[in-house]
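This is entry20.cif (mmCIF, C-alpha atoms).
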data_structure
#
loop_
_atom_site.label_atom_id
_atom_site.label_comp_id
_atom_site.auth_asym_id
_atom_site.auth_seq_id
_atom_site.Cartn_x
_atom_site.Cartn_y
_atom_site.Cartn_z
CA MET T 1 -122.39 62.18 114.41
CA VAL T 2 -125.81 62.37 116.05
CA GLU T 3 -125.76 63.92 119.50
CA ALA T 4 -128.24 64.59 122.29
CA TYR T 5 -130.76 62.03 121.07
CA SER T 6 -132.90 61.32 124.11
CA ILE T 7 -133.43 57.64 124.85
CA PRO T 8 -135.42 56.63 127.95
CA VAL T 9 -133.34 54.53 130.34
CA THR T 10 -134.50 52.11 133.02
CA LYS T 11 -131.56 50.97 135.12
CA VAL T 12 -131.17 47.73 137.03
CA THR T 13 -131.58 48.02 140.78
CA GLN T 14 -128.39 46.04 141.32
CA SER T 15 -125.65 45.16 138.85
CA ARG T 16 -124.57 41.56 138.32
CA LEU T 17 -121.01 42.65 137.61
CA PRO T 18 -119.62 41.94 141.13
CA GLU T 19 -120.54 38.28 140.57
CA ILE T 20 -118.58 38.04 137.29
CA THR T 21 -114.90 37.28 136.70
CA LEU T 22 -113.90 39.11 133.52
CA LYS T 23 -110.46 37.57 133.01
CA ASN T 24 -110.53 35.01 130.16
CA ILE T 25 -114.32 35.19 130.08
CA PRO T 26 -115.77 32.91 127.34
CA PHE T 27 -117.20 34.57 124.25
CA GLY T 28 -120.94 35.19 124.08
CA ARG T 29 -122.08 33.53 127.30
CA THR T 30 -122.30 36.41 129.77
CA PHE T 31 -124.23 39.60 129.07
CA THR T 32 -124.24 43.00 130.70
CA ASP T 33 -126.97 44.58 132.78
CA HIS T 34 -128.79 46.48 130.02
CA MET T 35 -129.95 46.24 126.41
CA LEU T 36 -131.38 48.59 123.79
CA VAL T 37 -134.72 47.84 122.11
CA ALA T 38 -136.60 49.62 119.30
CA ASP T 39 -139.66 48.71 117.23
CA TYR T 40 -140.44 49.43 113.60
CA VAL T 41 -144.22 49.75 113.29
CA ASN T 42 -146.38 51.40 110.61
CA GLY T 43 -143.37 52.67 108.70
CA GLU T 44 -141.54 54.36 111.58
CA TRP T 45 -139.19 53.57 114.43
CA LYS T 46 -140.64 53.97 117.91
CA ASN T 47 -140.48 52.65 121.48
CA VAL T 48 -136.71 53.19 121.62
CA GLU T 49 -135.45 52.45 125.12
CA ILE T 50 -132.59 51.11 127.18
CA LYS T 51 -133.72 48.71 129.87
CA PRO T 52 -132.50 45.79 131.98
CA TYR T 53 -131.32 42.75 130.02
CA GLN T 54 -134.22 40.31 130.01
CA PRO T 55 -135.94 37.55 128.00
CA LEU T 56 -138.24 38.41 125.12
CA VAL T 57 -141.87 37.37 124.96
CA MET T 58 -142.85 36.40 121.42
CA SER T 59 -145.60 34.67 119.51
CA PRO T 60 -145.05 31.17 118.04
CA SER T 61 -146.06 32.69 114.71
CA LEU T 62 -143.24 35.27 114.80
CA ALA T 63 -142.19 35.76 111.18
CA ALA T 64 -138.43 35.67 111.89
CA ILE T 65 -138.67 32.14 113.24
CA HIS T 66 -140.39 30.84 110.11
CA TYR T 67 -138.81 32.84 107.28
CA GLY T 68 -135.41 33.95 108.52
CA GLN T 69 -135.55 37.71 108.11
CA SER T 70 -132.78 38.31 110.63
CA ILE T 71 -129.47 40.20 110.44
CA PHE T 72 -126.79 41.20 112.90
CA GLU T 73 -123.42 42.88 113.38
CA GLY T 74 -120.40 42.34 115.59
CA ILE T 75 -118.53 45.32 117.08
CA LYS T 76 -116.13 45.74 119.99
CA ALA T 77 -115.48 48.34 122.66
CA TYR T 78 -112.19 48.74 124.54
CA LYS T 79 -110.76 50.64 127.49
CA ASN T 80 -107.49 52.54 127.46
CA GLU T 81 -105.15 52.87 130.44
CA ALA T 82 -107.03 55.96 131.62
CA GLY T 83 -110.25 53.93 131.79
CA GLU T 84 -111.84 55.71 128.83
CA ALA T 85 -114.11 53.62 126.61
CA PHE T 86 -113.90 53.54 122.81
CA ILE T 87 -115.80 51.61 120.14
CA PHE T 88 -113.85 50.30 117.14
CA ARG T 89 -115.12 51.60 113.79
CA PRO T 90 -118.88 51.50 114.57
CA TYR T 91 -119.85 53.60 111.55
CA ASP T 92 -118.44 50.93 109.22
CA ASN T 93 -120.62 48.31 110.90
CA TYR T 94 -123.57 50.70 110.78
CA LYS T 95 -123.19 51.05 107.01
CA ARG T 96 -122.80 47.29 106.54
CA PHE T 97 -125.82 46.60 108.76
CA ASN T 98 -128.06 48.71 106.56
CA LEU T 99 -126.66 47.08 103.41
CA SER T 100 -127.65 43.73 104.93
CA ALA T 101 -131.07 45.18 105.76
CA ALA T 102 -131.59 46.29 102.16
CA ARG T 103 -130.63 42.86 100.82
CA MET T 104 -133.06 41.16 103.22
CA GLU T 105 -135.88 43.65 102.44
CA MET T 106 -135.80 45.13 105.94
CA PRO T 107 -136.00 48.78 107.00
CA GLU T 108 -132.89 50.90 107.51
CA VAL T 109 -132.05 51.67 111.13
CA PRO T 110 -131.35 55.40 111.59
CA GLU T 111 -128.03 56.63 112.91
CA GLU T 112 -129.50 58.09 116.09
CA ILE T 113 -130.76 54.66 117.13
CA PHE T 114 -127.83 52.53 115.95
CA ILE T 115 -124.83 54.75 116.73
CA GLU T 116 -126.11 57.02 119.49
CA GLY T 117 -128.13 54.22 121.07
CA MET T 118 -125.01 52.04 121.07
CA ARG T 119 -122.92 54.84 122.56
CA GLN T 120 -125.39 55.42 125.39
CA LEU T 121 -125.73 51.70 126.10
CA VAL T 122 -121.96 51.15 126.23
CA ALA T 123 -121.55 54.24 128.40
CA LEU T 124 -124.11 52.86 130.84
CA ASP T 125 -122.40 49.44 131.04
CA LYS T 126 -118.85 50.78 130.68
CA ASP T 127 -117.67 48.99 133.83
CA TRP T 128 -118.25 45.66 132.06
CA ILE T 129 -115.41 46.35 129.60
CA PRO T 130 -112.49 44.19 130.77
CA ALA T 131 -109.38 46.34 131.33
CA LEU T 132 -107.20 43.46 130.18
CA HIS T 133 -105.08 42.74 127.11
CA ASP T 134 -106.91 40.84 124.36
CA HIS T 135 -110.24 41.41 126.13
CA SER T 136 -113.11 43.63 125.06
CA LEU T 137 -116.83 44.27 125.22
CA TYR T 138 -118.54 42.55 122.30
CA ILE T 139 -121.46 44.56 120.91
CA ARG T 140 -124.22 42.69 119.10
CA PRO T 141 -126.75 44.85 117.18
CA PHE T 142 -129.42 42.74 115.48
CA MET T 143 -132.81 43.07 113.82
CA PHE T 144 -135.53 40.54 113.06
CA SER T 145 -139.01 40.51 111.55
CA SER T 146 -141.70 40.66 114.22
CA ASP T 147 -144.99 40.17 112.39
CA GLU T 148 -147.13 37.61 114.19
CA MET T 149 -148.43 35.71 111.19
CA ILE T 150 -147.44 32.93 108.82
CA GLY T 151 -147.07 33.96 105.19
CA VAL T 152 -144.10 34.23 102.85
CA ARG T 153 -143.65 37.96 102.44
CA PRO T 154 -141.53 40.73 103.97
CA SER T 155 -142.63 41.55 107.47
CA GLU T 156 -144.34 44.87 108.18
CA SER T 157 -142.88 45.17 111.68
CA TYR T 158 -139.36 44.64 113.03
CA LYS T 159 -137.46 44.72 116.28
CA PHE T 160 -133.97 46.16 116.57
CA MET T 161 -131.84 45.41 119.61
CA ILE T 162 -128.32 45.79 120.96
CA ILE T 163 -126.88 43.51 123.64
CA LEU T 164 -123.38 43.52 125.13
CA ALA T 165 -121.06 40.70 126.22
CA PRO T 166 -117.63 40.99 127.88
CA THR T 167 -115.20 38.60 126.22
CA GLY T 168 -111.66 37.27 126.35
CA PRO T 169 -109.63 35.74 123.49
CA TYR T 170 -111.85 33.99 120.92
CA TYR T 171 -109.30 31.50 119.58
CA ALA T 172 -106.62 30.89 122.17
CA ALA T 173 -104.41 28.73 119.92
CA PRO T 174 -103.47 28.66 116.21
CA MET T 175 -106.19 27.02 114.15
CA ARG T 176 -106.49 23.97 111.91
CA ILE T 177 -108.67 24.68 108.86
CA TYR T 178 -110.40 22.23 106.51
CA VAL T 179 -110.83 23.40 102.90
CA GLU T 180 -114.39 22.48 101.90
CA GLU T 181 -114.89 21.04 98.40
CA LYS T 182 -118.48 19.78 98.43
CA TYR T 183 -120.77 22.17 100.30
CA THR T 184 -121.16 25.87 99.58
CA ARG T 185 -121.59 28.90 101.83
CA ALA T 186 -122.69 31.40 99.17
CA ALA T 187 -123.21 31.86 95.42
CA PRO T 188 -123.20 34.98 93.23
CA GLY T 189 -126.59 36.62 93.50
CA GLY T 190 -127.17 35.16 96.96
CA VAL T 191 -126.78 36.75 100.38
CA GLY T 192 -123.13 35.94 101.07
CA GLN T 193 -122.22 39.61 101.37
CA ALA T 194 -124.97 40.20 103.95
CA LYS T 195 -124.56 39.39 107.63
CA ALA T 196 -127.74 37.37 107.61
CA ALA T 197 -128.45 34.78 110.30
CA GLY T 198 -129.18 32.09 107.72
CA ASN T 199 -125.62 32.21 106.40
CA TYR T 200 -124.42 30.93 109.74
CA GLY T 201 -127.23 28.44 110.24
CA SER T 202 -126.43 26.73 106.95
CA SER T 203 -122.76 26.38 107.90
CA MET T 204 -123.37 24.41 111.11
CA TYR T 205 -123.48 20.92 109.58
CA VAL T 206 -120.36 21.34 107.49
CA THR T 207 -118.39 22.85 110.36
CA ALA T 208 -119.47 20.01 112.64
CA GLN T 209 -118.14 17.47 110.14
CA ALA T 210 -114.81 19.28 110.00
CA LYS T 211 -114.58 19.34 113.79
CA LYS T 212 -115.07 15.58 113.89
CA GLN T 213 -111.81 15.38 111.94
CA GLY T 214 -110.03 17.64 114.41
CA TYR T 215 -110.38 20.91 112.51
CA ASP T 216 -111.55 24.20 113.99
CA GLN T 217 -113.31 25.76 111.01
CA VAL T 218 -114.03 25.42 107.30
CA LEU T 219 -112.51 27.46 104.48
CA TRP T 220 -115.28 27.75 101.91
CA THR T 221 -114.69 27.55 98.16
CA ASP T 222 -116.65 28.82 95.16
CA VAL T 223 -119.93 27.24 94.12
CA TYR T 224 -118.95 26.38 90.53
CA GLU T 225 -115.56 24.67 90.67
CA HIS T 226 -114.73 24.51 94.39
CA LYS T 227 -111.42 25.89 93.27
CA TYR T 228 -111.32 29.46 94.57
CA VAL T 229 -111.24 30.06 98.32
CA GLN T 230 -113.69 32.54 99.84
CA GLU T 231 -113.88 32.98 103.63
CA ILE T 232 -113.63 30.93 106.79
CA GLY T 233 -116.76 30.29 108.88
CA THR T 234 -116.22 33.22 111.23
CA MET T 235 -113.47 35.13 109.44
CA ASN T 236 -112.00 36.55 106.27
CA VAL T 237 -108.69 34.98 105.27
CA PHE T 238 -105.24 36.26 104.23
CA PHE T 239 -102.21 34.51 102.72
CA VAL T 240 -98.70 35.97 102.93
CA ILE T 241 -96.93 34.82 99.77
CA GLY T 242 -93.42 36.21 99.56
CA ASP T 243 -93.73 39.93 100.33
CA THR T 244 -97.37 40.13 99.26
CA ALA T 245 -100.49 39.64 101.37
CA VAL T 246 -103.29 38.17 99.26
CA THR T 247 -106.96 37.99 100.20
CA PRO T 248 -110.00 36.91 98.13
CA ASP T 249 -111.70 39.85 96.41
CA LEU T 250 -115.32 40.81 97.05
CA SER T 251 -116.47 41.22 93.44
CA GLN T 252 -118.74 38.14 93.38
CA GLY T 253 -120.81 39.25 96.37
CA THR T 254 -120.16 35.96 98.16
CA ILE T 255 -117.83 37.22 100.89
CA LEU T 256 -118.58 39.46 103.84
CA ALA T 257 -116.72 42.77 103.64
CA GLY T 258 -115.07 42.55 107.04
CA VAL T 259 -114.27 45.69 109.01
CA THR T 260 -111.27 43.95 110.58
CA ARG T 261 -110.28 42.77 107.08
CA ASP T 262 -110.21 46.36 105.88
CA SER T 263 -108.25 47.47 108.96
CA VAL T 264 -105.67 44.73 108.45
CA MET T 265 -105.14 45.71 104.82
CA THR T 266 -104.37 49.26 105.98
CA ILE T 267 -101.89 47.99 108.58
CA LEU T 268 -100.22 45.62 106.08
CA GLU T 269 -99.61 48.50 103.70
CA GLU T 270 -98.21 50.57 106.58
CA MET T 271 -95.83 47.68 107.30
CA GLY T 272 -94.56 47.86 103.73
CA LEU T 273 -96.22 44.75 102.33
CA LYS T 274 -98.05 44.75 99.04
CA VAL T 275 -101.73 43.87 99.41
CA GLU T 276 -103.70 42.20 96.64
CA GLU T 277 -107.43 41.51 96.50
CA LYS T 278 -108.01 38.93 93.80
CA PRO T 279 -109.39 35.45 93.13
CA VAL T 280 -107.28 33.00 95.13
CA SER T 281 -107.23 29.41 93.89
CA ILE T 282 -106.34 26.49 96.08
CA ASP T 283 -103.93 25.36 93.35
CA MET T 284 -102.07 28.66 93.63
CA LEU T 285 -101.76 28.20 97.40
CA ILE T 286 -100.48 24.63 97.08
CA GLU T 287 -97.94 25.71 94.46
CA ALA T 288 -96.73 28.54 96.70
CA TYR T 289 -96.53 26.18 99.68
CA LYS T 290 -94.49 23.58 97.78
CA ALA T 291 -92.14 26.33 96.60
CA GLY T 292 -91.69 27.55 100.17
CA ASN T 293 -93.29 30.93 99.40
CA LEU T 294 -96.53 30.59 101.41
CA ARG T 295 -95.15 32.13 104.58
CA GLU T 296 -98.21 32.76 106.75
CA VAL T 297 -101.99 32.24 106.77
CA PHE T 298 -104.35 34.04 109.11
CA GLY T 299 -107.99 34.92 109.60
CA THR T 300 -109.57 38.25 110.54
CA GLY T 301 -112.91 39.04 112.14
CA THR T 302 -114.53 41.06 114.92
CA ALA T 303 -114.80 38.15 117.33
CA ALA T 304 -111.55 36.46 116.34
CA THR T 305 -109.60 39.68 115.63
CA VAL T 306 -106.45 38.19 114.03
CA SER T 307 -106.09 34.41 114.29
CA LEU T 308 -103.09 32.35 113.25
CA ILE T 309 -103.73 29.30 111.06
CA ARG T 310 -101.24 26.48 111.57
CA GLU T 311 -102.73 23.97 109.14
CA LEU T 312 -104.76 23.87 105.93
CA LYS T 313 -106.06 20.56 104.61
CA TYR T 314 -107.30 20.20 101.02
CA LYS T 315 -108.34 16.67 100.06
CA ASP T 316 -105.36 14.57 101.15
CA PHE T 317 -102.83 17.39 101.00
CA VAL T 318 -101.92 19.06 104.29
CA MET T 319 -100.14 22.42 104.52
CA SER T 320 -98.55 22.83 107.96
CA PHE T 321 -96.92 25.98 109.32
CA ASP T 322 -94.61 26.74 112.24
CA THR T 323 -96.44 29.76 113.63
CA ALA T 324 -93.72 30.32 116.26
CA LYS T 325 -91.44 31.61 113.48
CA TRP T 326 -93.96 34.03 111.99
CA THR T 327 -93.34 37.77 111.96
CA VAL T 328 -96.09 39.37 109.88
CA THR T 329 -99.25 38.10 111.61
CA PRO T 330 -98.03 38.78 115.18
CA GLU T 331 -96.99 42.29 114.13
CA ILE T 332 -100.42 42.98 112.61
CA LYS T 333 -102.16 41.85 115.79
CA SER T 334 -99.75 43.83 117.96
CA ARG T 335 -100.34 47.05 116.00
CA LEU T 336 -104.11 46.58 115.93
CA ASP T 337 -104.24 45.80 119.66
CA ALA T 338 -102.10 48.85 120.43
CA ILE T 339 -104.54 51.13 118.63
CA ARG T 340 -107.62 49.55 120.19
CA GLU T 341 -106.22 49.51 123.72
CA GLY T 342 -104.89 53.07 123.55
CA HIS T 343 -101.16 52.23 123.51
CA ALA T 344 -100.63 53.74 120.04
CA ALA T 345 -101.95 56.84 118.30
CA ASP T 346 -105.26 56.41 116.48
CA LYS T 347 -103.97 57.98 113.27
CA PHE T 348 -106.64 56.29 111.15
CA GLY T 349 -109.56 57.66 113.19
CA TRP T 350 -110.89 54.20 114.02
CA MET T 351 -111.73 54.68 117.70
CA PHE T 352 -115.13 56.22 118.53
CA SER T 353 -115.23 57.81 121.97
CA VAL T 354 -118.04 56.73 124.28
#
As a first step, turn the structure in this file into structure tokens.
Amino acid sequence: MVEAYSIPVTKVTQSRLPEITLKNIPFGRTFTDHMLVADYVNGEWKNVEIKPYQPLVMSPSLAAIHYGQSIFEGIKAYKNEAGEAFIFRPYDNYKRFNLSAARMEMPEVPEEIFIEGMRQLVALDKDWIPALHDHSLYIRPFMFSSDEMIGVRPSESYKFMIILAPTGPYYAAPMRIYVEEKYTRAAPGGVGQAKAAGNYGSSMYVTAQAKKQGYDQVLWTDVYEHKYVQEIGTMNVFFVIGDTAVTPDLSQGTILAGVTRDSVMTILEEMGLKVEEKPVSIDMLIEAYKAGNLREVFGTGTAATVSLIRELKYKDFVMSFDTAKWTVTPEIKSRLDAIREGHAADKFGWMFSV
């Protein structure tokens, strides 16, 4: 842990918080009073500061706009009953952020800027953390190329920022998911394992088509056969088959290694379920469903946390589930919420004190 790293702070003259209602606040639409900014110039990080949240001024030739060198992370902070603030597993996101940076030929962000900068920013805007169940402060670190020139090459300068957004439940109701069999999110050798902005941009069209059919998100399949499921647009995915929880493995480099995914696997094992990471074919899921063994399906992610899936559609075959009778997924969410909100002991060391 990096301590006592001095970051200049310019505070707002008056907070906007009194004007905001935090209960059931929509995701990603309201931002706190301050943000962190740092520049990578001439091979070193400089101009690190925390200042009032404000628009950016940028050149039309900004490299990120034209060539997509842009990555981000999603992290959450919570308050316990004593009003103390904690960030959930930020070091895991820090490691993943720099793996994404390496894949996108971007500089590594040092710990004192990412972790300590985040801690100081959250501490400053601590009052924005909703002290409500299933609410949190969403933390968005991101970095983009900032060269002001057009030319296909890695940028020589970058901007790293952190912004904060109070948020309520992401998916309020169990989801309907469309299994995609034509378009592809990622291929081996691509950037599927990186949290790169382009991964999400390329998913917009396909997700929009699914929503026209009444579905909430798309479950992507492999690039070669469209036979093996990978991840949902904003989440990793789990299937409870009998007494085993199965989730697609990460060996192909096409799936984001979710921090919530990893946390859920730990909790599942604590609950006594067997956890398997392996290739998961849609045929296997249909067979298990027809046999009555596919008990529950759920997604995991920072924004969504743990989301129940009430329907999967593959071609003309629909798998429907009565989520009201489920036991595993609600228990996972309950245990995870209890740790995050300070109602249960943090025996895994996941909560980082602000």
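Considering the residues T:Arg119, T:Lys46, T:Lys347, T:Arg103 and counting all atoms listed in the file, T:Val191 has its shortest atom-to-atom contact with T:Arg103.
For the residues T:Thr244, T:Ser353, T:Thr300, T:Ser70, ranking by smallest atom-to-atom distance to T:Ser263 using only C-alpha atoms places T:Thr300 first.
In terms of minimum interatomic distance to T:Gly233, T:Arg185 ranks closest within T:His343, T:Lys211, T:Lys274, T:Arg185, counting all atoms listed in the file.
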Practice problem: Name the residues within 12 Å of (-126.3, 48.7, 122.1), counting only C-alpha atoms in the file's coordinates, and put them as a VMD selection string. | Solution: chain T and resid 7 31 to 38 48 to 51 53 72 to 77 87 90 94 112 to 126 137 to 143 160 to 165 354
Quiz item: In terms of the shortest atom-to-atom distance over only C-alpha atoms, which of T:Glu331, T:Asn199, T:Ser136, T:Arg153 is closest to T:Asn80?
Solution: T:Ser136
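Proximity to T:Thr305 was assessed for T:Tyr171, T:Tyr78, T:Phe97, T:Trp128 counting only C-alpha atoms; the smallest distance is recorded for T:Tyr171.
Between atom CA of T:Pro174 and atom CA of T:Tyr215 the separation is 11.0 Å.
Applied to the file shown here, the PyMOL selection byres ((chain T and resi 277) around 8) selects the residues Val246, Thr247, Pro248, Asp249, Leu250, Val275, Glu276, Lys278 and Pro279 of chain T.
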Quiz item: Which is closer to T:Ala338 than all the others in T:Leu99, T:Ile267, T:Leu308, T:Met204, using all atoms listed in the file?
Solution: T:Ile267
Quiz item: Which residues come within 12 Å of T:Val280, counting all atoms listed in the file, excluding same-chain residues fewer than 5 positions away, as a PyMOL selection string?
Solution: chain T and resi 220-222+226-231+237-241+245-250+285-288
Quiz item: Residues picked by the PyMOL selection byres ((chain T and resi 177) around 8) here, as JSON, numbers by chain?
Solution: {"T": [175, 176, 178, 179, 215, 216, 217, 218, 219, 309, 311, 312, 313]}
